[in-house]
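Below is one structure, written out as C-alpha cells; comments come after it.
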Amino acid sequence: MRALDAWLKRLVDAPLFAFDTETTSLDAVSAELVGVSFAVQPGEAAYVPFGHNYINAPQQLTRELVLAKLSALLEDPTRQKVGQNLKYDHCVLAGYDIELRGIVFDTMLESYVLDSVANRHDMDTLALKYLGHKTITFEEIAGKGKSQLTFNQIDIDEAAQYAAEDADITLRLHHALWPKLKAEPMLRDLFAKIEIPLVPVLSRIERRGVNIDTKMLAQQSGELKNKIATLEKQIHAAAGGPFNIASPKQIQEVLYDRLKLPVLRKTPKGQPSTAENVLQELAVDYDLPQLILEHRALSKLKSTYTDKLPDMVNPKTGRVHTSYHQAVAATGRLSSADPNLQNIPVRTAEGRRIREAFVAEPGDVILSADYSQIELRIMAHLSQDPGLLQAFDEGADIHRATAAEVFGLPPKDVTDEQRRHAKAINFGLIYGMSAFGLARQLRIDRSAAQEYVNLYFARYPGVKHFMDETRARAHERGYVETIFGRRLYLPEINASNHARRQYAERTAINAPMQGTAADLIKIAMLMIDDWIREDKKALRMIMQVHDELVFEVPESELEQAGGAIAELMSGVAQLTVPLVVDVGSGANWAQAHA
DNA sequence: CATGTCACG
DNA sequence: ACGTACGTGACATGA
C-alpha cells in the first residue's frame with residue numbers, strides 16, 4: 001500500500017509514463033484485470049498485482065482498492081501515457097468503467113507509421129529490432145499449448161519480472177522510435193492527429209459489438225446443410241464414386257486424372273487448379289464443375305458464417321465483438337479479425353441473407369453510410385485529369401462515362417457489356433493494371449485488352465501522366481505516399497527480378513489511392529465519434545468496412561443522423577472532386593445497404 | 001504449418 | 001523474355 005502510494009506520486013509527477021495491463025485473456029471484452037505495470041524512466045518499473053489467485057498466492061491489494069487509487073490518474077487527459085497497443089488496455093479498462101485518457105504515444109503505432117511494410121509490430125519484435133533486447137516472452141512464463149497458464153495463475157514474482165519489463169521496454173522503445181517520427185512532420189501529424197485519436201474510437205466500437213440474430217443463422221445453417229447434402233450426392237454420382245469435395249487435391253484427381261478434363265491453369269505450386277474461375281470455364285462444357293462450385297459456395301457460407309458467427313457471440317454481452325487491427329495492412333487500412341466483419345457476404349443473394357442476421361436492437365435501426373467510388377475520386381484528384389474531374393463534377397455514372405470515352409459513344413448508347421468492360425478498366429487502373437490481367441478478368445485477348453488500355457490513356461492523358469509520375473517517384477525515393485503523407489516503402493521497386501519489380505510497381509500505383517481512402521475514412525470516424533460524444537447522441541458506430549461505416553441508431557434519431565453522418569463523411573477533406581456518401585437504413589444490415 | 005480456396009473492399 | 005490486377009482473414013485439408 002505504501003509502495004503503491006509512493007508510485008502514484010511518481011506517476012503524477014512524471015511528464016510521461018508507460019502503462020500496461022495484465023489480464024486473463026487476449027480478448028479485451030472478456031479479459032479480467034490481474035495487475036498493472038508502470039515505468040517512469042528506463043530501468044525503473046513497477047508491477048501492481050491484485051488478481052493472482054493460484055493456490056497459496058500471496059496476499060494482494062484488492063482490485064477495487066488499486067483501481068480506486070489509479071482511476072483519476074488513468075482518466076486524466078493531462079497525464080500523458082505511452083503503451084504498446086493501448087487500444088487493448090483502453091478496452092479492458094472500459095470494462096471496469098474507467099476511461100483511459102491521455103493516450104499520447106503507442107509504440108505499436110509509432111512503428112507502423114514509420115514502416116507499415118514491416119509485418120510485425122509486436123513488442124518482442126520491436127525490442128529486438130530497435131533495442132537489440134530479447135524480452136521475456138509470455139510463453140516462457142505461462143507455458144504453451146493446452147496447459148498454458150493464464151496470467152492470474154502465474155507466480156507473482158515471475159509475473160512482476162515480465163510485466164515490469166513490458167512497461168520498461170515500452171518506454172525505451174518510445175525513446176527509440178519517437179525521435180525518428182518527430183523528424184518527419186507529415187508522419188508525425190498522421191500519427192498524432194489520426195492514428196492516436198483513433199485508438200479510443202476503435203476500442204468503443206469493439207466493446208459495443210454488433211447484435212446478431214443467432215436463431216436466423218441457425219435456420220440458415222439447417223437449410224444449407226440440406227442443400228449441401230443434395231449436391232454431394234449429385235457430385236458423387238457424376239464423379240463415379242465418393243470423395244471429399246472439400247479437398248482440392250481429391251477434386252483435382254477426379255477432374256483431371258479420372259475424367260481427363262483439360263487443365264486450364266495451374267496453382268503457384270504447379271498443381272492443376274480447381275479455383276472458381278477455372279471451374280467456371282470448365283462448366284461451359286461439363287456438368288461436374290458447376291456442381292462443385294455450388295457446393296463450395298454453400299459450404300463456405302455455412303462453415304465460415306452461419307455456423308461460426310453464433311459461436312462468436314460473447315455470452316456476457318450477447319453481441320459479437322470483432323477486433324480491428326490498426327497496424328497490419330501496409331496501405332493504412334484497418335483489418336478486422338475474430339471474427340472478420342469486413343468480409344460478410346453481399347455479392348450473391350444467398351450470401352446476402354447472412355446480413356439479414358445483423359440486426360438492430362428493438363427500437364433501433366441499422367444505418368449504413370458508404371463513400372461512392374472513393375478510390376476513383378482520389379485518382380481524379382491526384383491526377384487532375386480534366387475528363388475524370390468533369391465526370392465526377394457532373395455526378396455522372398463513372399463506368400458509363402468511361403465506356404463512352406473509350407468506345408467513342410454518347411453515354412446513352414453504351415451497352416451493358418461495354419459498361420462492364422469499362423468497370424473492369426477502372427478497377428484495373430486502381431490495381432496498377434496490366435493488359436494481361438485485364439484480359440484475364442474480361443476473358444478477352446491480350447491484344448484487345450492492350451487496345452482498351454491505349455484508348456483509355458489517350459482519352460485520360462492526366463491519368464497516364466499520374467501513373468508514370470508515381471512509378472518514377474517510387475523508383476527515385478523507394479516509397480510512395482498518400483495525400484496525408486502516409487508512407488509505403490517499396491524495397492523491391494528496383495529489384496533485378498522482373499516479377500518482383502513489377503509487383504512493386506503495381507503496389508506503387510495502388511497504395512496512394514487505397515491508402516488515401518483509408519486516411520479519409522479514419523478522419524471521418526474521428527469526427528463522427530466527436531460529434532456523437534459532444535452532442536450526446538444515443539446512436540453508436542458499430543462497424544467499419546473500408547469505405548462504409550455502420551451505425552445502430554434509435555429510430556427517433558434516424559432522420560437527423562443520416563444527414564449529419566453523410567455531411568461529416570463528405571466534409572473530411574476538400575478534394576478537387578466531391579466526396580459523395582450514400583446512406584441507407586433498415587431493420588438489418590441487408591436492408592440498410594439496399 | 002503450408003497450401004488452396006474464397007469471402008469482402 | 002519475363003509472369004501478372006491491389007489489400008485483407010478464415011476455413012478445410014493433409015503432410
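Chain labels A, B, ... are given in the sequence in which chains occur in the C-alpha cells; within each chain residues are numbered consecutively from 1, and ligands are likewise numbered from 1 in the order shown.
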Contacts of chain B with chain A up to 8 Å, shortest pair per row, only C-alpha atoms (C1' of nucleotides), as a Markdown table:
```
| residue | atom | partner | partner_atom | distance |
| --- | --- | --- | --- | --- |
| B:DG4 | C1' | A:Pro248 | CA | 6.9 |
| B:DT5 | C1' | A:Ala275 | CA | 6.5 |
| B:DC6 | C1' | A:Lys300 | CA | 7.6 |
| B:DA7 | C1' | A:Asn343 | CA | 5.3 |
| B:DC8 | C1' | A:Asn343 | CA | 3.5 |
| B:DG9 | C1' | A:His546 | CA | 6.0 |
```
Residue neighbourhood DA2 of chain B, 12 Å, only C-alpha atoms (C1' of nucleotides), exclusion window fewer than 3 positions, as a CSV table (one decimal) with N, CA, C and O atoms (P, O5', C5', C4', C3', O3' and C1' of nucleotides), in the first residue's frame:
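Result file follows (around.csv):
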```csv
chain,number,residue,atom,x,y,z
A,269,LYS,N,2.2,-23.7,-57.0
A,269,LYS,CA,3.0,-24.8,-56.8
A,269,LYS,C,3.0,-25.9,-57.9
A,269,LYS,O,3.5,-26.9,-57.8
C,13,DT,P,-12.1,-31.3,-44.4
C,13,DT,O5',-10.6,-31.3,-45.1
C,13,DT,C5',-10.6,-31.0,-46.5
C,13,DT,C4',-9.1,-31.0,-46.9
C,13,DT,C3',-8.4,-32.3,-46.6
C,13,DT,O3',-7.8,-32.7,-47.8
C,13,DT,C1',-7.1,-30.5,-45.9
C,14,DG,P,-7.4,-34.2,-48.0
C,14,DG,O5',-5.8,-34.1,-47.6
C,14,DG,C5',-4.9,-33.3,-48.4
C,14,DG,C4',-3.6,-33.3,-47.7
C,14,DG,C3',-3.2,-34.7,-47.1
C,14,DG,O3',-1.8,-34.8,-47.3
C,14,DG,C1',-3.1,-33.1,-45.5
C,15,DA,P,-1.1,-36.3,-47.4
C,15,DA,O5',0.4,-36.0,-47.1
C,15,DA,C5',1.1,-35.0,-47.8
C,15,DA,C4',2.0,-34.2,-46.9
C,15,DA,C3',3.0,-35.0,-46.1
C,15,DA,O3',4.3,-34.5,-46.4
C,15,DA,C1',1.8,-33.6,-44.6
```
Worksheet item: Counting only C-alpha atoms (C1' of nucleotides), what is within 9 Å of Leu288 of chain A, bar same-chain residues fewer than 5 positions away, as a list in words?
Response: Gln234, Ile235, Ala238, Ala239, Leu255, Leu279, Leu282, Ala283 and Leu293 of chain A
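Take atom CA of Leu217 of chain A and atom CA of Pro310 of chain A: the distance between them is 7.4 Å.
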Discussion item. Set the distance at 9 Å and use only C-alpha atoms (C1' of nucleotides): which residues neighbour Ser383 of chain A once local chain neighbours fewer than 2 positions away are removed? I'd like the list as a list in words.
Written reply: Ile378, Met379, Ala380, His381, Asp385, Pro386, Leu388, Gly462, Val463, Lys464, His465, Phe466 and Met467 of chain A
Write out the residues from the selection above, keeping N, CA, C and O atoms, as an mmCIF file, in the first residue's frame.
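What follows is the written file selection06.cif:
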```
data_model
loop_
_atom_site.group_PDB
_atom_site.id
_atom_site.type_symbol
_atom_site.label_atom_id
_atom_site.label_comp_id
_atom_site.auth_asym_id
_atom_site.auth_seq_id
_atom_site.Cartn_x
_atom_site.Cartn_y
_atom_site.Cartn_z
ATOM 1 N N ILE A 378 -10.288 9.685 -55.715
ATOM 2 C CA ILE A 378 -8.939 10.048 -55.287
ATOM 3 C C ILE A 378 -7.995 10.056 -56.487
ATOM 4 O O ILE A 378 -7.145 10.943 -56.614
ATOM 5 N N MET A 379 -8.196 9.106 -57.394
ATOM 6 C CA MET A 379 -7.383 9.087 -58.613
ATOM 7 C C MET A 379 -7.620 10.362 -59.424
ATOM 8 O O MET A 379 -6.666 10.960 -59.956
ATOM 9 N N ALA A 380 -8.867 10.784 -59.504
ATOM 10 C CA ALA A 380 -9.180 12.020 -60.227
ATOM 11 C C ALA A 380 -8.485 13.204 -59.564
ATOM 12 O O ALA A 380 -7.884 14.055 -60.233
ATOM 13 N N HIS A 381 -8.532 13.237 -58.244
ATOM 14 C CA HIS A 381 -7.908 14.339 -57.512
ATOM 15 C C HIS A 381 -6.391 14.335 -57.701
ATOM 16 O O HIS A 381 -5.782 15.369 -57.967
ATOM 17 N N ASP A 385 -6.865 14.864 -63.889
ATOM 18 C CA ASP A 385 -7.245 14.670 -65.291
ATOM 19 C C ASP A 385 -8.563 15.373 -65.571
ATOM 20 O O ASP A 385 -9.563 15.126 -64.885
ATOM 21 N N PRO A 386 -8.601 16.252 -66.587
ATOM 22 C CA PRO A 386 -9.794 17.069 -66.830
ATOM 23 C C PRO A 386 -11.054 16.233 -67.098
ATOM 24 O O PRO A 386 -12.129 16.546 -66.585
ATOM 25 N N LEU A 388 -11.793 13.165 -66.177
ATOM 26 C CA LEU A 388 -12.244 12.456 -64.981
ATOM 27 C C LEU A 388 -12.864 13.440 -63.984
ATOM 28 O O LEU A 388 -13.912 13.173 -63.392
ATOM 29 N N GLY A 462 -4.179 12.706 -68.348
ATOM 30 C CA GLY A 462 -3.757 13.090 -66.995
ATOM 31 C C GLY A 462 -3.533 11.860 -66.125
ATOM 32 O O GLY A 462 -2.625 11.833 -65.287
ATOM 33 N N VAL A 463 -4.354 10.851 -66.326
ATOM 34 C CA VAL A 463 -4.212 9.611 -65.552
ATOM 35 C C VAL A 463 -2.914 8.912 -65.947
ATOM 36 O O VAL A 463 -2.152 8.459 -65.088
ATOM 37 N N LYS A 464 -2.659 8.871 -67.243
ATOM 38 C CA LYS A 464 -1.417 8.266 -67.745
ATOM 39 C C LYS A 464 -0.200 8.963 -67.117
ATOM 40 O O LYS A 464 0.732 8.318 -66.635
ATOM 41 N N HIS A 465 -0.255 10.293 -67.126
ATOM 42 C CA HIS A 465 0.851 11.080 -66.578
ATOM 43 C C HIS A 465 1.027 10.793 -65.081
ATOM 44 O O HIS A 465 2.152 10.626 -64.593
ATOM 45 N N PHE A 466 -0.089 10.708 -64.367
ATOM 46 C CA PHE A 466 -0.046 10.416 -62.931
ATOM 47 C C PHE A 466 0.594 9.049 -62.655
ATOM 48 O O PHE A 466 1.438 8.901 -61.765
ATOM 49 N N MET A 467 0.202 8.063 -63.446
ATOM 50 C CA MET A 467 0.755 6.710 -63.263
ATOM 51 C C MET A 467 2.272 6.717 -63.506
ATOM 52 O O MET A 467 3.030 6.159 -62.712
#
```
Fill in: Test item: chain A residues at most 8 Å from chain C, counting only C-alpha atoms (C1' of nucleotides), as a ChimeraX atom specification
/A:246-247,300,303-304,329,331,335-337,340,428,430-434,436-438,498-499,506-507,510-511,514
Could those residues be written to a file, using C-alpha atoms, as a compact mmCIF listing (two decimals), in the first residue's frame?
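File result.txt, as written:
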```
# COMPACT_ATOMS: atom_id res chain seq x y z
CA ALA A 246 -13.60 -30.00 -49.59
CA SER A 247 -10.23 -31.35 -50.71
CA LYS A 300 -18.20 -21.51 -47.42
CA SER A 303 -18.59 -23.09 -42.26
CA THR A 304 -17.36 -19.50 -42.16
CA ALA A 329 -2.37 -3.53 -43.63
CA THR A 331 -1.65 0.62 -47.12
CA SER A 335 -8.34 -5.07 -40.83
CA SER A 336 -10.91 -7.00 -38.82
CA ALA A 337 -10.48 -10.36 -37.13
CA ASN A 340 -13.68 -10.75 -39.54
CA GLY A 428 -7.65 -2.23 -63.25
CA ILE A 430 -6.70 1.29 -59.26
CA TYR A 431 -4.82 -2.01 -59.10
CA GLY A 432 -1.95 -0.93 -61.36
CA MET A 433 -3.37 -2.90 -64.25
CA SER A 434 -1.51 -4.92 -66.82
CA PHE A 436 -2.69 -9.42 -69.24
CA GLY A 437 -4.61 -9.02 -66.01
CA LEU A 438 -7.40 -7.06 -67.70
CA HIS A 498 11.18 -8.57 -63.19
CA ALA A 499 8.21 -10.15 -61.47
CA ARG A 506 1.62 -2.12 -59.14
CA THR A 507 1.71 -1.58 -55.39
CA ASN A 510 -2.45 1.23 -55.82
CA ALA A 511 -1.16 2.32 -52.43
CA GLN A 514 -6.19 2.76 -51.26
```
Worksheet item: Do you know which residues are at most 6 Å from segment 473-485 of chain A counting only C-alpha atoms (C1' of nucleotides), after dropping those on the same chain fewer than 3 positions away, and could you put them as a list in words?
Response: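 Selected residues are Met186, Thr470, Leu488, Tyr489, Leu490, Ile493, Pro512, Gly515 and Thr516 of chain A.
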Based on the backbone DSSP call, show me all residues of segment 163-399 of chain A assigned strand (DSSP E), as a tab-separated table (two decimals) with C-alpha atoms, in the first residue's frame.
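Done, and the output landed in part02.tsv:
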```tsv
chain	number	residue	atom	x	y	z
A	323	SER	CA	-11.03	-6.76	-33.21
A	324	TYR	CA	-9.85	-4.04	-35.58
A	325	HIS	CA	-6.16	-4.32	-36.32
A	335	SER	CA	-8.34	-5.07	-40.83
A	336	SER	CA	-10.91	-7.00	-38.82
A	337	ALA	CA	-10.48	-10.36	-37.13
A	364	ASP	CA	-33.19	0.95	-33.17
A	365	VAL	CA	-32.34	0.66	-36.85
A	366	ILE	CA	-29.15	-0.13	-38.74
A	367	LEU	CA	-27.77	2.78	-40.73
A	368	SER	CA	-25.07	2.32	-43.34
A	369	ALA	CA	-23.11	5.16	-44.95
A	370	ASP	CA	-20.58	4.46	-47.67
A	371	TYR	CA	-18.30	6.52	-49.87
```
